[in-house]
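Working notes, structure below.
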Amino acid sequence: MGQQETWRLPDAFVARMKDMLGDECDAFLASYEKERALGLRVNTLKVPAAEFAEKNQAAFSLRPVSWCREGLYYAQESRPGRHPYHEAGAYYIQEPSAMAVVSLLEPKPGEKVLDLCAAPGGKTTHIASRLEGCGLLVSNEIHPARAKILSQNVERMGIGNAIVTNEDSGSLARFFPDFFDCIVVDAPCSGEGMFRKDEQARNEWSEANVKLCAERQQEILDNAAEMLKPGGRMVYSTCTFAPEEDEDGISSFLKRHPEFSILRLEAGEYPEGLSCGCPEWSQDQNPDLRYTFRIWPHKSEGEGHYLALLRKEATWAAEDDRKRKIPKYWNEKAGRSYLEEFLKKSLTKAGHDALEAGLDRLILFGDQLYQLPEGTPALDRLRVLRPGLHLGAFKTKRFEPSHALSHYLKPEQAASVLKLERDDAQILAYLKGNTVNGPSDLSGWTLVCIEGYPLGWGKAVSGTVKNHYPKGLRIQG
C-alpha cells in the first residue's frame with residue numbers, strides 16, 4: 001500500500017498543483033508513494049568530504065548529492081544519527097534539497113555572513129564549513145528553544161567563528177545596516193515541500209496560512225535587504241511549492257527593491273538536479289524568474305524546494321565598519337594566569353597557536369570565557385546565546401575547558417589524547433558518562449577521540465580517564 005492510502009494530501013493543495021503542473025502532476029503525486037531520499041553533509045572543518053566518503057562508503061552506502069560537494073545520500077538502514085561520528089560532529093544529517101542553499105550562495109573565507117532564520121543549524125554549519133574558520137558568521141533564530149538547539153549544533157560541529165543571536169529580523173536590521181557580504185533567508189513557510197516527511201506540515205496547511213507566510217516572508221526580506229552590503233549576495237529559499245511564497249514573492253520584493261536583481265548563472269554553473277523557476281506563476285511574469293530554482297521530488301532525489309540568488313547593486317558605499325562600537329575585551333590578571341596555565345599544560349604548540357590570534361578578543365559572561373570572532377562589533381544591545389567560541393569556565397583558582405573547545409580542537413592540538421577505534425566498547429561507555437582507560441602516560445585534561453574526531457574531555461591520572469562528557473548529552477541506558 002502506498003503512503004497516499006494511509007494519509008491524504010489537502011484537496012486544495014492537490015487542485016492547485018494540477019493547475020500548475022498539468023499532465024506532469026500525476027508523476028508529482030506519485031512521488032509521495034516513494035521513500036524519500038536521506039542525506040548527510042560532511043563537516044569539512046574536521047575531514048575532507050572525499051576522504052570521509054571513501055572510508056565510510058560501505059558502512060553508510062554513500063552516494064554523492066549532485067548539487068552539494070559535501071553532500072552524500074545514505075541508506076536508511078545505516079542510521080548515521082546513532083553513530084559516534086555524529087556525536088563527534090563529523091557530519092550533519094540534512095535533507096538533501098536544503099544543501100543547495102549554501103552551495104548556491106558560495107560564501108568565501110573572510111566574508112561576513114548572516115543566517116537569518118537559522119535553527120536547527122543545517123545551513124549555519126554548512127556556511128561555517130565554507131568559511132574555513134575565517135570570517136564572521138551570525139546565526140539568528142527568533143524562537144528561544146530553537147535558538148538553543150542551534151547553539152548546540154554549532155558546538156557539536158566545532159565552529160569557532162559563529163555568534164548565535166535570538167532576535168527578530170527588524171531588531172537585527174537596526175543593529176547591522178549594510179554589514180554582511182552574504183545573507184541566507186531560509187524563510188518560515190507553509191512547508192508544502194515537506195508533506196512527505198512532516199505530518200504536522202500537512203495538518204496545519206491551509207490557503208490562509210500560505211497567504212500569511214507570504215506576507216511574513218516579505219517583511220523578513222525587507223529587513224535582510226537593509227543588512228546586506230552593496231555588492232553583496234543573498235539567497236532566499238523556501239520548502240514550499242506555492243508561487244505566492246516563491247516566484248511571486250521574489251517578484252514582489254524586486255518591485256520594492258530596484259537595487260536588487262536576480263543573479264544569472266552561466267550554463268556551466270547551473271547546479272545539476274535543479275529546475276528553472278517559472279515566470280508564468282508570478283503576477284507580473286518577470287522573465288528573470290527563470291533564473292531562480294526549484295527542486296521537484298519527482299525529478300530529483302530531494303524534497304520540494306525553491307531558491308533565488310539575489311545581488312544588491314554596488315553603487316554606494318556601505319557604512320564603515322571601523323565606526324562601529326568595539327566590544328569591551330576581558331583581560332583580568334588572575335584569571336588570565338589560570339587560562340595560560342591550562343594552555344601551557346593541556347595543549348601542544350599547535351593547539352596554542354590555533355587559539356593565540358584570538359586571545360586578545362576574549363569576553364567574560366559570568367564565569368564563562370568566550371573568544372569573539374574577528375570583526376565582531378559590540379553586542380551589548382542584542383540577545384546573544386553564544387558570542388563566539390566557548391573556551392571554558394573559571395572555577396576556584398583554575399580554568400576548566402568547555403565541551404565546545406574539545407570539538408573545536410584537533411587531536412594533534414591536545415597534549416594528552418585517548419584515540420579509540422570505532423568498534424571499541426569504551427566509546428559507548430564514554431558517551432554514557434563512564435570512566436575509560438588508556439595508556440599509563442595519559443595525564444591531566446585528555447581529549448577523548450573516536451579515531452581522529454574528538455568526542456569530549458576527560459581528566460586522566462596514570463591512564464584512568466575520569467569522564468567530563470556533558471551530562472545533558474549522555475546516552476541513557
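Convention: chains lettered A, B, ... in C-alpha cells order; per-chain residue numbering from 1; ligands numbered from 1 as shown.
By chain and then residue number, the residues within 12 Å of Ser171 of chain A are Leu116, Asn140, Ile142, Thr165, Asn166, Glu167, Asp168, Ser169, Ala173, Arg174, Phe175, Phe176, Pro177, Ile220, Asn223, Ala224, Glu226, Met227, Arg381, Leu382 and Arg383 of chain A, counting only C-alpha atoms and disregarding those fewer than 2 positions away in sequence.
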Step one, run DSSP on the backbone; step two, keep only residues of segment 272-385 of chain A assigned to helix (DSSP H, G or I); then write them as a PyMOL selection string.
chain A and resi 279-281+287-291+321-323+333-346+349-356
Restricting the output to N, CA and C atoms, write the selected residues as a tab-separated table (two decimals), in the first residue's frame.
```tsv
chain	number	residue	atom	x	y	z
A	279	PRO	N	8.38	31.98	-14.56
A	279	PRO	CA	7.85	33.35	-14.55
A	279	PRO	C	6.33	33.41	-14.66
A	280	GLU	N	5.73	32.44	-15.38
A	280	GLU	CA	4.28	32.47	-15.58
A	280	GLU	C	3.50	32.25	-14.29
A	281	TRP	N	4.15	31.82	-13.24
A	281	TRP	CA	3.47	31.62	-11.97
A	281	TRP	C	3.49	32.87	-11.09
A	287	PRO	N	10.46	37.89	-16.53
A	287	PRO	CA	11.20	36.83	-17.21
A	287	PRO	C	12.46	36.38	-16.48
A	288	ASP	N	13.03	37.24	-15.63
A	288	ASP	CA	14.24	36.87	-14.89
A	288	ASP	C	13.99	35.76	-13.87
A	289	LEU	N	12.72	35.51	-13.56
A	289	LEU	CA	12.41	34.45	-12.59
A	289	LEU	C	12.80	33.07	-13.10
A	290	ARG	N	13.05	32.94	-14.40
A	290	ARG	CA	13.52	31.64	-14.89
A	290	ARG	C	14.93	31.33	-14.40
A	291	TYR	N	15.62	32.35	-13.85
A	291	TYR	CA	16.95	32.14	-13.29
A	291	TYR	C	16.90	31.81	-11.80
A	321	ASP	N	32.86	49.92	8.81
A	321	ASP	CA	32.84	49.07	10.00
A	321	ASP	C	33.72	49.61	11.11
A	322	ARG	N	34.71	50.43	10.76
A	322	ARG	CA	35.60	50.97	11.80
A	322	ARG	C	34.87	51.93	12.73
A	323	LYS	N	33.71	52.42	12.30
A	323	LYS	CA	32.94	53.35	13.13
A	323	LYS	C	32.06	52.61	14.14
A	333	LYS	N	43.89	39.93	35.35
A	333	LYS	CA	45.22	39.36	35.54
A	333	LYS	C	45.20	37.97	36.15
A	334	ALA	N	44.46	37.78	37.25
A	334	ALA	CA	44.45	36.47	37.92
A	334	ALA	C	43.83	35.41	37.02
A	335	GLY	N	42.69	35.75	36.43
A	335	GLY	CA	42.04	34.80	35.53
A	335	GLY	C	42.90	34.47	34.34
A	336	ARG	N	43.61	35.45	33.84
A	336	ARG	CA	44.50	35.22	32.69
A	336	ARG	C	45.57	34.19	33.03
A	337	SER	N	46.07	34.25	34.25
A	337	SER	CA	47.11	33.29	34.64
A	337	SER	C	46.57	31.87	34.68
A	338	TYR	N	45.31	31.70	35.12
A	338	TYR	CA	44.71	30.35	35.14
A	338	TYR	C	44.49	29.84	33.71
A	339	LEU	N	44.07	30.75	32.81
A	339	LEU	CA	43.89	30.35	31.41
A	339	LEU	C	45.23	29.94	30.81
A	340	GLU	N	46.26	30.74	31.04
A	340	GLU	CA	47.57	30.45	30.46
A	340	GLU	C	48.15	29.15	31.02
A	341	GLU	N	47.84	28.86	32.28
A	341	GLU	CA	48.30	27.60	32.87
A	341	GLU	C	47.66	26.41	32.16
A	342	PHE	N	46.34	26.52	31.88
A	342	PHE	CA	45.67	25.46	31.14
A	342	PHE	C	46.26	25.30	29.74
A	343	LEU	N	46.46	26.42	29.04
A	343	LEU	CA	47.00	26.36	27.68
A	343	LEU	C	48.38	25.70	27.67
A	344	LYS	N	49.21	26.04	28.65
A	344	LYS	CA	50.57	25.50	28.70
A	344	LYS	C	50.59	24.01	28.99
A	345	LYS	N	49.74	23.57	29.91
A	345	LYS	CA	49.76	22.16	30.34
A	345	LYS	C	48.96	21.25	29.41
A	346	SER	N	47.89	21.74	28.82
A	346	SER	CA	46.93	20.86	28.18
A	346	SER	C	46.95	20.89	26.65
A	349	LYS	N	51.94	23.05	21.10
A	349	LYS	CA	52.20	24.34	20.47
A	349	LYS	C	51.18	24.60	19.36
A	350	ALA	N	50.82	23.53	18.62
A	350	ALA	CA	49.83	23.69	17.55
A	350	ALA	C	48.48	24.13	18.12
A	351	GLY	N	48.10	23.59	19.27
A	351	GLY	CA	46.85	23.97	19.91
A	351	GLY	C	46.89	25.40	20.40
A	352	HIS	N	48.02	25.78	21.01
A	352	HIS	CA	48.15	27.15	21.47
A	352	HIS	C	48.11	28.12	20.30
A	353	ASP	N	48.77	27.76	19.20
A	353	ASP	CA	48.79	28.62	18.02
A	353	ASP	C	47.39	28.79	17.43
A	354	ALA	N	46.57	27.72	17.52
A	354	ALA	CA	45.21	27.77	16.97
A	354	ALA	C	44.34	28.79	17.69
A	355	LEU	N	44.65	29.05	18.95
A	355	LEU	CA	43.86	29.98	19.76
A	355	LEU	C	44.52	31.34	19.92
A	356	GLU	N	45.84	31.41	19.69
A	356	GLU	CA	46.61	32.59	20.07
A	356	GLU	C	46.10	33.87	19.42
```
List the neighbours of segment 21-38 of chain A out to 8 Å using only C-alpha atoms; skip same-chain residues closer than 5 positions along the sequence, and give me the result as a ChimeraX atom specification.
/A:2-4,73-76,94-96,196-197,296-298,301-303
Need to verify the contact set: Gly249 of chain A, 8 Å, only C-alpha atoms, exclusion of same-chain residues closer than 5 positions in sequence. Can you return it as a VMD selection string?
chain A and resid 214 217 to 218 243 to 244
Just checking: using only C-alpha atoms, which residue out of A:His83, A:Arg264, A:His468, A:His407 ends up closest to Leu389 of chain A?
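With only C-alpha atoms as the atom set, the closest residue is A:His407.
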Shell around Arg256 of chain A at 10 Å using only C-alpha atoms, local window under 4 positions removed, as a count of residues only:
5
In Å to one decimal, how far is atom CA of Ser237 of chain A from atom CA of Gly122 of chain A?
13.3 Å
Find, counting only C-alpha atoms, the residue in A:Cys276, A:Ala59, A:Val461, A:Ala415 that gets nearest to Thr435 of chain A.
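Looking at the shortest contact to Thr435 of chain A, the residue is A:Val461.
Between atom CA of Asp115 of chain A and atom CA of Val65 of chain A the separation is 22.3 Å.
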Enumerate, as a VMD selection string, the complete set of residues in segment 270-354 of chain A that a backbone-based DSSP assignment places in strand (DSSP E).
chain A and resid 275 to 276 293 to 295 305 to 312
Which is closest to Pro439 of chain A among A:Glu199, A:Leu228, A:Trp457, A:Ser462, if we use only C-alpha atoms?
A:Ser462
d(atom CA of Ile363 of chain A, atom CA of Ala414 of chain A) in Å
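Rounded to one decimal, the two atoms are 23.1 Å apart.
Those residues that approach Pro377 of chain A to within 12 Å, counting only C-alpha atoms, are Lys112, Leu136, Val138, Ile163, Phe175, Phe176, Phe179, Asp320, Asp321, Arg322, Lys323, Arg324, Lys325, Ile326, Pro327, Lys328, Tyr329, Arg361, Leu372, Pro373, Arg381, Leu382, Pro387 and Gly388 of chain A; same-chain residues fewer than 4 positions away are not listed.
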